[in-house]
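The structure appears below as structure tokens.
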Amino acid sequence: MTEDLVAGLICVKAKLLARNWRPRGGGEVDIVALEGDTLLFLEVKSRKKGRPRSLVTRAQKRRLLRSVDLWLAKSPHEGPVRLEMVLVTRAIDGSVERVDRVPLS
């Protein structure tokens, strides 16, 4: 699974805090991690090579931001907070060709 791959890669440099975190009221954060003093909220997307880049829709981003707000209300964080999309590009045979982290702004 793509999220398993990304969680393994993130754990090399960061401490994994949660996976598939779902607050009451809907929404979900694929991965929450602490990289140094930066709290990361990651949305994981996968695509096959040659396909248009998968983007997070406005509605998905709104739900994600609401989930981030709920996390921070429950577990305040004094350091920086970063919201990113992790895009995994796979070859036709399913092997991973590249992994990109893109800020969601």
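Residues in the structure tokens are numbered from 1 in each chain, the chains being A, B, ... in the order shown, and ligands are numbered from 1 in the order shown.
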
Q.
Which residues are near Leu72 in chain A? Cut-off 12 Å, only C-alpha atoms, ignore same chain within fewer than 3 positions. Put them as JSON, numbers by chain.
A. {"A": [23, 32, 39, 40, 41, 65, 66, 67, 68, 69, 75, 76, 77, 78, 79, 80, 81]}

Go ahead and save the residues from that selection, with C-alpha atoms, as a PDB file, in the first residue's frame.
ATOM      1  CA  PRO A  23     -11.414  13.314  14.063  1.00  0.00           C
ATOM      2  CA  VAL A  32       0.919  12.936  11.146  1.00  0.00           C
ATOM      3  CA  LEU A  39       4.651  18.975  12.871  1.00  0.00           C
ATOM      4  CA  LEU A  40       3.788  17.411   9.484  1.00  0.00           C
ATOM      5  CA  PHE A  41       0.328  16.638   8.165  1.00  0.00           C
ATOM      6  CA  LEU A  65      -7.431  21.859   7.213  1.00  0.00           C
ATOM      7  CA  ARG A  66     -10.371  21.260   9.562  1.00  0.00           C
ATOM      8  CA  SER A  67      -8.728  18.006  10.693  1.00  0.00           C
ATOM      9  CA  VAL A  68      -5.429  19.845  11.289  1.00  0.00           C
ATOM     10  CA  ASP A  69      -7.256  22.459  13.380  1.00  0.00           C
ATOM     11  CA  SER A  75      -2.615  18.504  20.990  1.00  0.00           C
ATOM     12  CA  PRO A  76      -1.195  22.056  20.843  1.00  0.00           C
ATOM     13  CA  HIS A  77       2.177  22.433  19.104  1.00  0.00           C
ATOM     14  CA  GLU A  78       4.518  25.378  19.655  1.00  0.00           C
ATOM     15  CA  GLY A  79       6.755  24.808  16.617  1.00  0.00           C
ATOM     16  CA  PRO A  80       6.153  25.113  12.889  1.00  0.00           C
ATOM     17  CA  VAL A  81       3.337  23.187  11.208  1.00  0.00           C
TER      18      VAL A  81
END

Near range 24-28 of chain A, counting only C-alpha atoms, which residues have an atom at most 12 Å away, once you skip same-chain residues fewer than 5 positions from it, shown as a PDB file with C-alpha atoms, in the first residue's frame?
ATOM      1  CA  ALA A  18      -0.579   8.875  13.677  1.00  0.00           C
ATOM      2  CA  ARG A  19      -1.824   7.202  10.513  1.00  0.00           C
ATOM      3  CA  PHE A  41       0.328  16.638   8.165  1.00  0.00           C
ATOM      4  CA  LEU A  42       0.639  14.541   5.006  1.00  0.00           C
ATOM      5  CA  GLU A  43      -1.919  13.683   2.330  1.00  0.00           C
ATOM      6  CA  VAL A  44      -0.685  10.696   0.298  1.00  0.00           C
ATOM      7  CA  ALA A  59     -13.242  20.199  -0.611  1.00  0.00           C
ATOM      8  CA  GLN A  60     -10.504  17.702   0.377  1.00  0.00           C
ATOM      9  CA  LYS A  61      -8.218  20.549   1.388  1.00  0.00           C
ATOM     10  CA  ARG A  62     -10.984  22.127   3.508  1.00  0.00           C
ATOM     11  CA  ARG A  63     -11.577  18.809   5.305  1.00  0.00           C
ATOM     12  CA  LEU A  64      -7.834  18.356   5.761  1.00  0.00           C
ATOM     13  CA  LEU A  65      -7.431  21.859   7.213  1.00  0.00           C
ATOM     14  CA  ARG A  66     -10.371  21.260   9.562  1.00  0.00           C
ATOM     15  CA  SER A  67      -8.728  18.006  10.693  1.00  0.00           C
ATOM     16  CA  VAL A  68      -5.429  19.845  11.289  1.00  0.00           C
ATOM     17  CA  ASP A  69      -7.256  22.459  13.380  1.00  0.00           C
ATOM     18  CA  LEU A  70      -8.899  19.697  15.432  1.00  0.00           C
ATOM     19  CA  TRP A  71      -5.549  17.941  15.971  1.00  0.00           C
ATOM     20  CA  LYS A  74      -6.432  18.503  21.033  1.00  0.00           C
TER      21      LYS A  74
END

Q. Where does DSSP see strand (DSSP E) in range 6-102 of chain A, if you list the residues as JSON, numbers by chain?
A. {"A": [15, 16, 17, 18, 19, 20, 21, 29, 30, 31, 32, 33, 34, 35, 38, 39, 40, 41, 42, 43, 44, 45, 46, 47, 48, 81, 82, 83, 84, 85, 86, 87, 88, 89, 90, 96, 97, 98, 99, 100, 101, 102]}

File of the preceding selection, C-alpha atoms, as a tab-separated table (two decimals), in the first residue's frame:
chain	number	residue	atom	x	y	z
A	15	LYS	CA	8.68	10.35	14.38
A	16	LEU	CA	5.36	8.91	13.21
A	17	LEU	CA	2.54	10.18	15.46
A	18	ALA	CA	-0.58	8.88	13.68
A	19	ARG	CA	-1.82	7.20	10.51
A	20	ASN	CA	-5.29	7.60	9.02
A	21	TRP	CA	-6.30	9.90	11.87
A	29	VAL	CA	-5.15	12.93	7.83
A	30	ASP	CA	-3.16	10.14	6.16
A	31	ILE	CA	0.02	10.68	8.21
A	32	VAL	CA	0.92	12.94	11.15
A	33	ALA	CA	4.61	13.08	12.01
A	34	LEU	CA	7.15	15.18	13.87
A	35	GLU	CA	10.25	16.08	11.82
A	38	THR	CA	8.03	20.67	12.67
A	39	LEU	CA	4.65	18.98	12.87
A	40	LEU	CA	3.79	17.41	9.48
A	41	PHE	CA	0.33	16.64	8.16
A	42	LEU	CA	0.64	14.54	5.01
A	43	GLU	CA	-1.92	13.68	2.33
A	44	VAL	CA	-0.69	10.70	0.30
A	45	LYS	CA	-1.54	10.35	-3.40
A	46	SER	CA	-0.47	7.76	-5.94
A	47	ARG	CA	-0.47	7.91	-9.73
A	48	LYS	CA	0.77	5.88	-12.65
A	81	VAL	CA	3.34	23.19	11.21
A	82	ARG	CA	3.52	22.03	7.60
A	83	LEU	CA	0.83	20.54	5.37
A	84	GLU	CA	2.10	18.53	2.39
A	85	MET	CA	0.96	16.21	-0.35
A	86	VAL	CA	3.22	13.20	-0.89
A	87	LEU	CA	2.90	12.11	-4.52
A	88	VAL	CA	4.08	8.58	-5.34
A	89	THR	CA	4.59	7.92	-9.06
A	90	ARG	CA	4.45	4.27	-10.10
A	96	VAL	CA	7.81	3.06	-7.43
A	97	GLU	CA	9.59	5.50	-9.74
A	98	ARG	CA	9.65	8.57	-7.53
A	99	VAL	CA	8.27	10.14	-4.38
A	100	ASP	CA	7.71	13.90	-4.21
A	101	ARG	CA	6.72	16.03	-1.23
A	102	VAL	CA	4.75	19.09	-2.30

Q: Check the DSSP output for the backbone and give back, as a list in words, the residues of chain A in alpha helix (DSSP H).
A: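 Residues of chain A classed as alpha helix (DSSP H): Thr2, Glu3, Asp4, Leu5, Val6, Ala7, Gly8, Leu9, Ile10, Cys11, Val12, Lys13, Arg58, Ala59, Gln60, Lys61, Arg62, Arg63, Leu64, Leu65, Arg66, Ser67, Val68, Asp69, Leu70, Trp71, Leu72, Ala73 and Lys74 of chain A.
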
Serialized selection, N, CA and C atoms, as a PDB file, in the first residue's frame:
ATOM      1  N   THR A   2       0.458   2.262  -0.695  1.00  0.00           N
ATOM      2  CA  THR A   2       1.240   3.482  -0.850  1.00  0.00           C
ATOM      3  C   THR A   2       1.494   4.177   0.486  1.00  0.00           C
ATOM      4  N   GLU A   3       0.479   4.225   1.351  1.00  0.00           N
ATOM      5  CA  GLU A   3       0.669   4.882   2.649  1.00  0.00           C
ATOM      6  C   GLU A   3       1.700   4.154   3.503  1.00  0.00           C
ATOM      7  N   ASP A   4       1.773   2.833   3.392  1.00  0.00           N
ATOM      8  CA  ASP A   4       2.791   2.074   4.126  1.00  0.00           C
ATOM      9  C   ASP A   4       4.191   2.482   3.669  1.00  0.00           C
ATOM     10  N   LEU A   5       4.357   2.603   2.351  1.00  0.00           N
ATOM     11  CA  LEU A   5       5.641   3.022   1.780  1.00  0.00           C
ATOM     12  C   LEU A   5       6.035   4.392   2.307  1.00  0.00           C
ATOM     13  N   VAL A   6       5.116   5.353   2.236  1.00  0.00           N
ATOM     14  CA  VAL A   6       5.405   6.722   2.669  1.00  0.00           C
ATOM     15  C   VAL A   6       5.688   6.764   4.170  1.00  0.00           C
ATOM     16  N   ALA A   7       4.914   6.031   4.966  1.00  0.00           N
ATOM     17  CA  ALA A   7       5.150   5.999   6.415  1.00  0.00           C
ATOM     18  C   ALA A   7       6.555   5.480   6.708  1.00  0.00           C
ATOM     19  N   GLY A   8       6.984   4.455   5.987  1.00  0.00           N
ATOM     20  CA  GLY A   8       8.335   3.921   6.175  1.00  0.00           C
ATOM     21  C   GLY A   8       9.403   4.931   5.819  1.00  0.00           C
ATOM     22  N   LEU A   9       9.192   5.671   4.727  1.00  0.00           N
ATOM     23  CA  LEU A   9      10.158   6.691   4.320  1.00  0.00           C
ATOM     24  C   LEU A   9      10.198   7.852   5.311  1.00  0.00           C
ATOM     25  N   ILE A  10       9.048   8.275   5.785  1.00  0.00           N
ATOM     26  CA  ILE A  10       8.971   9.387   6.727  1.00  0.00           C
ATOM     27  C   ILE A  10       9.660   9.031   8.037  1.00  0.00           C
ATOM     28  N   CYS A  11       9.527   7.773   8.470  1.00  0.00           N
ATOM     29  CA  CYS A  11      10.110   7.336   9.754  1.00  0.00           C
ATOM     30  C   CYS A  11      11.629   7.403   9.765  1.00  0.00           C
ATOM     31  N   VAL A  12      12.252   7.495   8.598  1.00  0.00           N
ATOM     32  CA  VAL A  12      13.709   7.617   8.551  1.00  0.00           C
ATOM     33  C   VAL A  12      14.144   8.946   9.166  1.00  0.00           C
ATOM     34  N   LYS A  13      13.382  10.015   8.908  1.00  0.00           N
ATOM     35  CA  LYS A  13      13.761  11.347   9.385  1.00  0.00           C
ATOM     36  C   LYS A  13      12.809  11.924  10.427  1.00  0.00           C
ATOM     37  N   ARG A  58     -10.467  21.265  -3.614  1.00  0.00           N
ATOM     38  CA  ARG A  58     -10.742  22.285  -2.584  1.00  0.00           C
ATOM     39  C   ARG A  58     -11.490  21.682  -1.399  1.00  0.00           C
ATOM     40  N   ALA A  59     -12.465  20.822  -1.687  1.00  0.00           N
ATOM     41  CA  ALA A  59     -13.242  20.199  -0.611  1.00  0.00           C
ATOM     42  C   ALA A  59     -12.339  19.309   0.257  1.00  0.00           C
ATOM     43  N   GLN A  60     -11.443  18.538  -0.383  1.00  0.00           N
ATOM     44  CA  GLN A  60     -10.504  17.702   0.377  1.00  0.00           C
ATOM     45  C   GLN A  60      -9.591  18.571   1.232  1.00  0.00           C
ATOM     46  N   LYS A  61      -9.117  19.656   0.652  1.00  0.00           N
ATOM     47  CA  LYS A  61      -8.218  20.549   1.388  1.00  0.00           C
ATOM     48  C   LYS A  61      -8.939  21.176   2.584  1.00  0.00           C
ATOM     49  N   ARG A  62     -10.206  21.562   2.399  1.00  0.00           N
ATOM     50  CA  ARG A  62     -10.984  22.127   3.508  1.00  0.00           C
ATOM     51  C   ARG A  62     -11.127  21.104   4.648  1.00  0.00           C
ATOM     52  N   ARG A  63     -11.457  19.862   4.290  1.00  0.00           N
ATOM     53  CA  ARG A  63     -11.577  18.809   5.305  1.00  0.00           C
ATOM     54  C   ARG A  63     -10.236  18.553   5.993  1.00  0.00           C
ATOM     55  N   LEU A  64      -9.171  18.570   5.207  1.00  0.00           N
ATOM     56  CA  LEU A  64      -7.834  18.356   5.761  1.00  0.00           C
ATOM     57  C   LEU A  64      -7.466  19.483   6.728  1.00  0.00           C
ATOM     58  N   LEU A  65      -7.730  20.719   6.338  1.00  0.00           N
ATOM     59  CA  LEU A  65      -7.431  21.859   7.213  1.00  0.00           C
ATOM     60  C   LEU A  65      -8.263  21.808   8.493  1.00  0.00           C
ATOM     61  N   ARG A  66      -9.527  21.396   8.374  1.00  0.00           N
ATOM     62  CA  ARG A  66     -10.371  21.260   9.562  1.00  0.00           C
ATOM     63  C   ARG A  66      -9.794  20.180  10.488  1.00  0.00           C
ATOM     64  N   SER A  67      -9.340  19.076   9.898  1.00  0.00           N
ATOM     65  CA  SER A  67      -8.728  18.006  10.693  1.00  0.00           C
ATOM     66  C   SER A  67      -7.463  18.490  11.393  1.00  0.00           C
ATOM     67  N   VAL A  68      -6.654  19.284  10.689  1.00  0.00           N
ATOM     68  CA  VAL A  68      -5.429  19.845  11.289  1.00  0.00           C
ATOM     69  C   VAL A  68      -5.805  20.743  12.474  1.00  0.00           C
ATOM     70  N   ASP A  69      -6.804  21.586  12.282  1.00  0.00           N
ATOM     71  CA  ASP A  69      -7.256  22.459  13.380  1.00  0.00           C
ATOM     72  C   ASP A  69      -7.709  21.638  14.588  1.00  0.00           C
ATOM     73  N   LEU A  70      -8.431  20.547  14.333  1.00  0.00           N
ATOM     74  CA  LEU A  70      -8.899  19.697  15.432  1.00  0.00           C
ATOM     75  C   LEU A  70      -7.737  19.001  16.136  1.00  0.00           C
ATOM     76  N   TRP A  71      -6.741  18.564  15.364  1.00  0.00           N
ATOM     77  CA  TRP A  71      -5.549  17.941  15.971  1.00  0.00           C
ATOM     78  C   TRP A  71      -4.860  18.948  16.900  1.00  0.00           C
ATOM     79  N   LEU A  72      -4.664  20.176  16.370  1.00  0.00           N
ATOM     80  CA  LEU A  72      -3.950  21.201  17.139  1.00  0.00           C
ATOM     81  C   LEU A  72      -4.739  21.639  18.372  1.00  0.00           C
ATOM     82  N   ALA A  73      -6.071  21.616  18.294  1.00  0.00           N
ATOM     83  CA  ALA A  73      -6.886  21.951  19.465  1.00  0.00           C
ATOM     84  C   ALA A  73      -6.725  20.880  20.539  1.00  0.00           C
ATOM     85  N   LYS A  74      -6.578  19.629  20.104  1.00  0.00           N
ATOM     86  CA  LYS A  74      -6.432  18.503  21.033  1.00  0.00           C
ATOM     87  C   LYS A  74      -4.998  18.382  21.545  1.00  0.00           C
TER      88      LYS A  74
END
